[in-house]
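One structure is given here, and the rest of the page talks about it.
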Amino acid sequence: MIRLRRTNQGFTLAEMAIVIVIAGILLVTGVKVLTAQMDSASYAATRTKQQVIKQAMITYLARFQRLPCPDTRQGQGPGALAFSIAAPPDGLENRAVAADVTSNCSRFFGVLPYATLGLTRETAQDGWGNLLSYQIANGWELTANFADTNVGSATVNDRDSAGAVVALTTQSVATVISHGKNGTGAFTSKGTRAVLPAAGTNPDERENTDNDIIAFKREYTDDAGANGGSFDDVVLHIMADDLIMPLRRDGTLQNMNSTASQQLEGISQAVVGFMMGAGCNTPGNISGLGVSTIDTWGTTIVYTTNYSSPPAARQLTASDVNLNPAGDSTTTALILTSYGPDRAAGGGDDVVLSRTVGQMRGLLGTAYASRCP
Ligand SMILES: [Ca+2]
Ligand SMILES: [Ca+2]
Ligand SMILES: [Ca+2]
Ligand SMILES: [Ca+2]
């Protein structure tokens with residue numbers, strides 16, 4: 001009798017071992033793939049949030065002609081970086097003088113002032129849940145400094161293929177920094193701060209955590225032996241053009257000019273009103289007319305009248321040599337000047353309103369005939 005051969009003899013130990021090894025490889029590979037996918041999702045989420053933040057900064061600049069200072073402590077008090085579990089970041093900017101937007105930033109570097117920018121805290125958290133850091137070049141925090149010709153003064157460095165430091169720019173305005181997957185130096189919404197990157201082995205990531213206007217923006221590398229150390233920070237640096245060009249395109253800057261023109265028109269009318277009640281005397285200055293004399297860029301508007309000097313007699317009279325000619329349509333009687341975005345006389349951006357003697361007479365109307373001497 002022929003004994004049937006068993007067809008299913010099971011796996012030998014050797015076969016089992018091979019299966020386990022293969023399963024192990026597949027598991028490790030699978031976990032690696034999954035981790036890589038999660039990492040890449042975290043990087044993508046971080047970059048998306050940085051673009052949202054850039055848009056919020058453009059909107060903020062359009063509204064206030066300045067950028068916010070970093071958030072360096074809870075509340076709006078001035079002073080050093082001081083977060084704790086009892087006093088975590090609040091997303092509100094901190095200045096040298098508490099809540100005074102005409103005072104400088106107390107620090108160049110801190111947490112992104114998300115609440116001041118009108119953003120949620122969630123928007124200020126990178127793909128790993130840490131708060132984004134924020135760095136701002138000196139001057140951009142003050143409305144009084146705003147000019148559409150301004151550039152920044154912050155340096156953003158990279159490294160070349162030989163590992164030498166090369167500046168991507170020395171005119172960056174602001175930098176929004178994610179401290180990446182390792183999160184070293186990042187602030188948490190709880191008020192804690194992750195241990196700083198080691199100055200010796202990770203100088204470039206370390207540079208992204210201190211209080212100055214220098215930052216590094218390099219390609220990702222997990223090579224600890226690379227010049228400047230490994231690098232996983234996600235850095236968005238914002239140039240003046242990134243902020244100004246959208247304001248040019250949407251007309252915000254032109255609106256500032258037309259606001260200035262309207263303001264000069266209003267002051268001119270107030271001057272005429274004053275003259276009607278003052279025997280056609282022009283005011284000695286325009287500060288007491290009940291209208292604002294500070295222009296849209298924060299500079300005092302200059303008032304000039306074309307009267308014989310000394311301007312003891314400010315009357316629009318036939319006896320005034322400068323204002324004499326009846327119906328004169330060329331002699332200038334009144335000039336109001338806004339120095340424009342550059343806040344300095346000239347430069348091609350001044351906004352000027354000028355009235356001739358004839359125009360002033362027209363504005364005074366019958367008052368000129370009846371009240372002017
Ligand atoms: Ca704050
Ligand atoms: Ca990092
Ligand atoms: Ca730095
Ligand atoms: Ca000017």
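In the structure tokens, chains take the letters A, B, ... in the order shown, each chain's residues start at 1, and ligands count up from 1 in the order shown.
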At most 7 Å from ligand 1 (only C-alpha atoms and all ligand atoms): residue list as a VMD selection string
chain A and resid 71 to 76 89 to 94
Can I get the selected residues back with N, CA and C atoms, as a PDB file, in the first residue's frame?
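Here's the written file selection-v8.pdb:
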ATOM      1  N   ASP A  71       5.429  88.710  20.641  1.00  0.00           N
ATOM      2  CA  ASP A  71       4.827  88.446  21.947  1.00  0.00           C
ATOM      3  C   ASP A  71       5.943  87.896  22.823  1.00  0.00           C
ATOM      4  N   THR A  72       6.263  88.615  23.904  1.00  0.00           N
ATOM      5  CA  THR A  72       7.380  88.176  24.748  1.00  0.00           C
ATOM      6  C   THR A  72       6.953  87.886  26.178  1.00  0.00           C
ATOM      7  N   ARG A  73       5.707  88.219  26.522  1.00  0.00           N
ATOM      8  CA  ARG A  73       5.215  87.898  27.854  1.00  0.00           C
ATOM      9  C   ARG A  73       3.709  88.006  27.860  1.00  0.00           C
ATOM     10  N   GLN A  74       3.092  87.493  28.897  1.00  0.00           N
ATOM     11  CA  GLN A  74       1.637  87.588  28.986  1.00  0.00           C
ATOM     12  C   GLN A  74       1.250  89.017  29.336  1.00  0.00           C
ATOM     13  N   GLY A  75       0.133  89.467  28.763  1.00  0.00           N
ATOM     14  CA  GLY A  75      -0.257  90.847  28.980  1.00  0.00           C
ATOM     15  C   GLY A  75       0.544  91.757  28.080  1.00  0.00           C
ATOM     16  N   GLN A  76       0.276  93.043  28.158  1.00  0.00           N
ATOM     17  CA  GLN A  76       0.954  93.959  27.252  1.00  0.00           C
ATOM     18  C   GLN A  76       2.061  94.746  27.929  1.00  0.00           C
ATOM     19  N   PRO A  89       2.292  82.403  26.661  1.00  0.00           N
ATOM     20  CA  PRO A  89       2.113  83.412  25.615  1.00  0.00           C
ATOM     21  C   PRO A  89       0.624  83.715  25.402  1.00  0.00           C
ATOM     22  N   ASP A  90       0.309  84.991  25.186  1.00  0.00           N
ATOM     23  CA  ASP A  90      -1.083  85.372  24.928  1.00  0.00           C
ATOM     24  C   ASP A  90      -1.291  85.824  23.487  1.00  0.00           C
ATOM     25  N   GLY A  91      -0.207  85.835  22.694  1.00  0.00           N
ATOM     26  CA  GLY A  91      -0.360  86.212  21.288  1.00  0.00           C
ATOM     27  C   GLY A  91      -0.485  87.710  21.072  1.00  0.00           C
ATOM     28  N   LEU A  92      -0.391  88.487  22.159  1.00  0.00           N
ATOM     29  CA  LEU A  92      -0.461  89.949  22.047  1.00  0.00           C
ATOM     30  C   LEU A  92       0.952  90.514  22.051  1.00  0.00           C
ATOM     31  N   GLU A  93       1.203  91.449  21.154  1.00  0.00           N
ATOM     32  CA  GLU A  93       2.540  92.028  21.038  1.00  0.00           C
ATOM     33  C   GLU A  93       2.961  92.707  22.339  1.00  0.00           C
ATOM     34  N   ASN A  94       4.287  92.812  22.516  1.00  0.00           N
ATOM     35  CA  ASN A  94       4.844  93.534  23.666  1.00  0.00           C
ATOM     36  C   ASN A  94       5.820  94.585  23.185  1.00  0.00           C
TER      37      ASN A  94
END
Might you pull out every residue within 10 Å of Ile53 of chain A, with only C-alpha atoms counted and same-chain residues fewer than 2 positions away left off, and present them as a list in words?
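The filter keeps Arg47, Thr48, Lys49, Gln50, Gln51, Gln55, Ala56, Met57, Ile58, Thr59, Leu112, Tyr114, Leu117, Gly118, Leu119, Thr123, Ala124, Val176 and Leu236 of chain A.
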Under the rule that only C-alpha atoms are counted, which of A:Glu265, A:Glu141, A:Glu122, A:Glu207 is the nearest residue to Arg355 of chain A?
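For Arg355 of chain A, the nearest of the given residues is A:Glu265.
Taking atom CA of Ala17 of chain A as the reference point, atom CA of Thr35 of chain A is found at 26.5 Å.
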When DSSP works through the backbone of this structure, what residues of segment 64-297 of chain A end up as strand (DSSP E), shown as a ChimeraX atom specification?
/A:109-111,133-136,154-159,165-178,214-216,234-239
Mind writing the picked residues with C-alpha atoms as a PDB file, in the first residue's frame?
ATOM      1  CA  PHE A 109      12.505  87.965  18.738  1.00  0.00           C
ATOM      2  CA  GLY A 110       9.643  86.220  20.493  1.00  0.00           C
ATOM      3  CA  VAL A 111       6.447  84.302  19.838  1.00  0.00           C
ATOM      4  CA  SER A 133       8.625  82.201  16.603  1.00  0.00           C
ATOM      5  CA  TYR A 134       8.724  85.680  15.076  1.00  0.00           C
ATOM      6  CA  GLN A 135      11.506  88.105  14.365  1.00  0.00           C
ATOM      7  CA  ILE A 136      11.114  91.686  13.160  1.00  0.00           C
ATOM      8  CA  ALA A 154      17.351  91.516   8.916  1.00  0.00           C
ATOM      9  CA  THR A 155      19.776  88.899   7.647  1.00  0.00           C
ATOM     10  CA  VAL A 156      18.725  85.445   6.512  1.00  0.00           C
ATOM     11  CA  ASN A 157      21.593  83.032   5.967  1.00  0.00           C
ATOM     12  CA  ASP A 158      21.999  79.790   4.080  1.00  0.00           C
ATOM     13  CA  ARG A 159      25.082  77.642   3.507  1.00  0.00           C
ATOM     14  CA  VAL A 165      27.612  80.798   5.363  1.00  0.00           C
ATOM     15  CA  VAL A 166      26.013  82.823   2.563  1.00  0.00           C
ATOM     16  CA  ALA A 167      23.431  85.555   3.064  1.00  0.00           C
ATOM     17  CA  LEU A 168      20.169  84.967   1.202  1.00  0.00           C
ATOM     18  CA  THR A 169      19.323  88.560   2.074  1.00  0.00           C
ATOM     19  CA  THR A 170      20.301  91.329   4.457  1.00  0.00           C
ATOM     20  CA  GLN A 171      17.050  93.234   3.865  1.00  0.00           C
ATOM     21  CA  SER A 172      14.418  90.950   5.311  1.00  0.00           C
ATOM     22  CA  VAL A 173      11.582  92.616   7.234  1.00  0.00           C
ATOM     23  CA  ALA A 174      10.236  89.772   9.342  1.00  0.00           C
ATOM     24  CA  THR A 175      10.822  86.076   9.829  1.00  0.00           C
ATOM     25  CA  VAL A 176       8.331  83.438  10.911  1.00  0.00           C
ATOM     26  CA  ILE A 177      10.164  80.435  12.284  1.00  0.00           C
ATOM     27  CA  SER A 178       8.992  76.904  12.943  1.00  0.00           C
ATOM     28  CA  ILE A 214      19.838  87.086  12.051  1.00  0.00           C
ATOM     29  CA  ALA A 215      18.268  83.776  11.089  1.00  0.00           C
ATOM     30  CA  PHE A 216      19.153  80.655   9.133  1.00  0.00           C
ATOM     31  CA  VAL A 234      10.906  75.767   8.533  1.00  0.00           C
ATOM     32  CA  VAL A 235      11.641  79.433   7.961  1.00  0.00           C
ATOM     33  CA  LEU A 236       9.590  82.019   6.084  1.00  0.00           C
ATOM     34  CA  HIS A 237      11.308  85.348   5.640  1.00  0.00           C
ATOM     35  CA  ILE A 238       9.239  88.259   4.409  1.00  0.00           C
ATOM     36  CA  MET A 239      10.685  91.011   2.236  1.00  0.00           C
TER      37      MET A 239
END
Give me the residues near Asp39 of chain A as a list of chain:residue names, where near means some atom within 12 Å (using only C-alpha atoms) and where sequence neighbours in that chain fewer than 6 positions away do not count.
A:Val31, A:Lys32, A:Val33, A:Ala45, A:Thr46, A:Asp126, A:Gly127, A:Trp128, A:Gly180, A:Lys181, A:Asn182, A:Tyr220, A:Asp232
Give me the chain A side of the contact with ligand 4, cut-off 8 Å, one line per residue showing its nearest atom pair and distance in Å at one decimal, counting only C-alpha atoms and all ligand atoms, sorted by chain and residue number, as a tab-separated table.
residue	atom	partner	partner_atom_place_in_ligand_line	distance
A:Ser338	CA	ligand 4	1 (Ca)	7.5
A:Tyr339	CA	ligand 4	1 (Ca)	4.1
A:Gly340	CA	ligand 4	1 (Ca)	4.7
A:Pro341	CA	ligand 4	1 (Ca)	6.4
A:Asp342	CA	ligand 4	1 (Ca)	4.9
A:Arg343	CA	ligand 4	1 (Ca)	5.4
A:Ala344	CA	ligand 4	1 (Ca)	4.4
A:Ala345	CA	ligand 4	1 (Ca)	4.5
A:Gly346	CA	ligand 4	1 (Ca)	4.3
A:Gly347	CA	ligand 4	1 (Ca)	4.6
A:Gly348	CA	ligand 4	1 (Ca)	6.0
A:Asp349	CA	ligand 4	1 (Ca)	4.7
A:Asp350	CA	ligand 4	1 (Ca)	4.3
A:Val351	CA	ligand 4	1 (Ca)	7.9
So how far away is atom CA of Ala333 of chain A from atom CA of Tyr303 of chain A, in Å?
11.0 Å
Go ahead and compute the interatomic distance for atom 1 (Ca, counted along the ligand's line) of ligand 3 and atom CA of Asp222 of chain A, in Å to one decimal.
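Here the two named atoms are 20.7 Å from each other.
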Give the answer as one residue: which of A:Thr201, A:Thr252, A:Thr143, A:Ser268 has the shortest atom-to-atom distance to Thr299 of chain A, using only C-alpha atoms?
A:Thr143
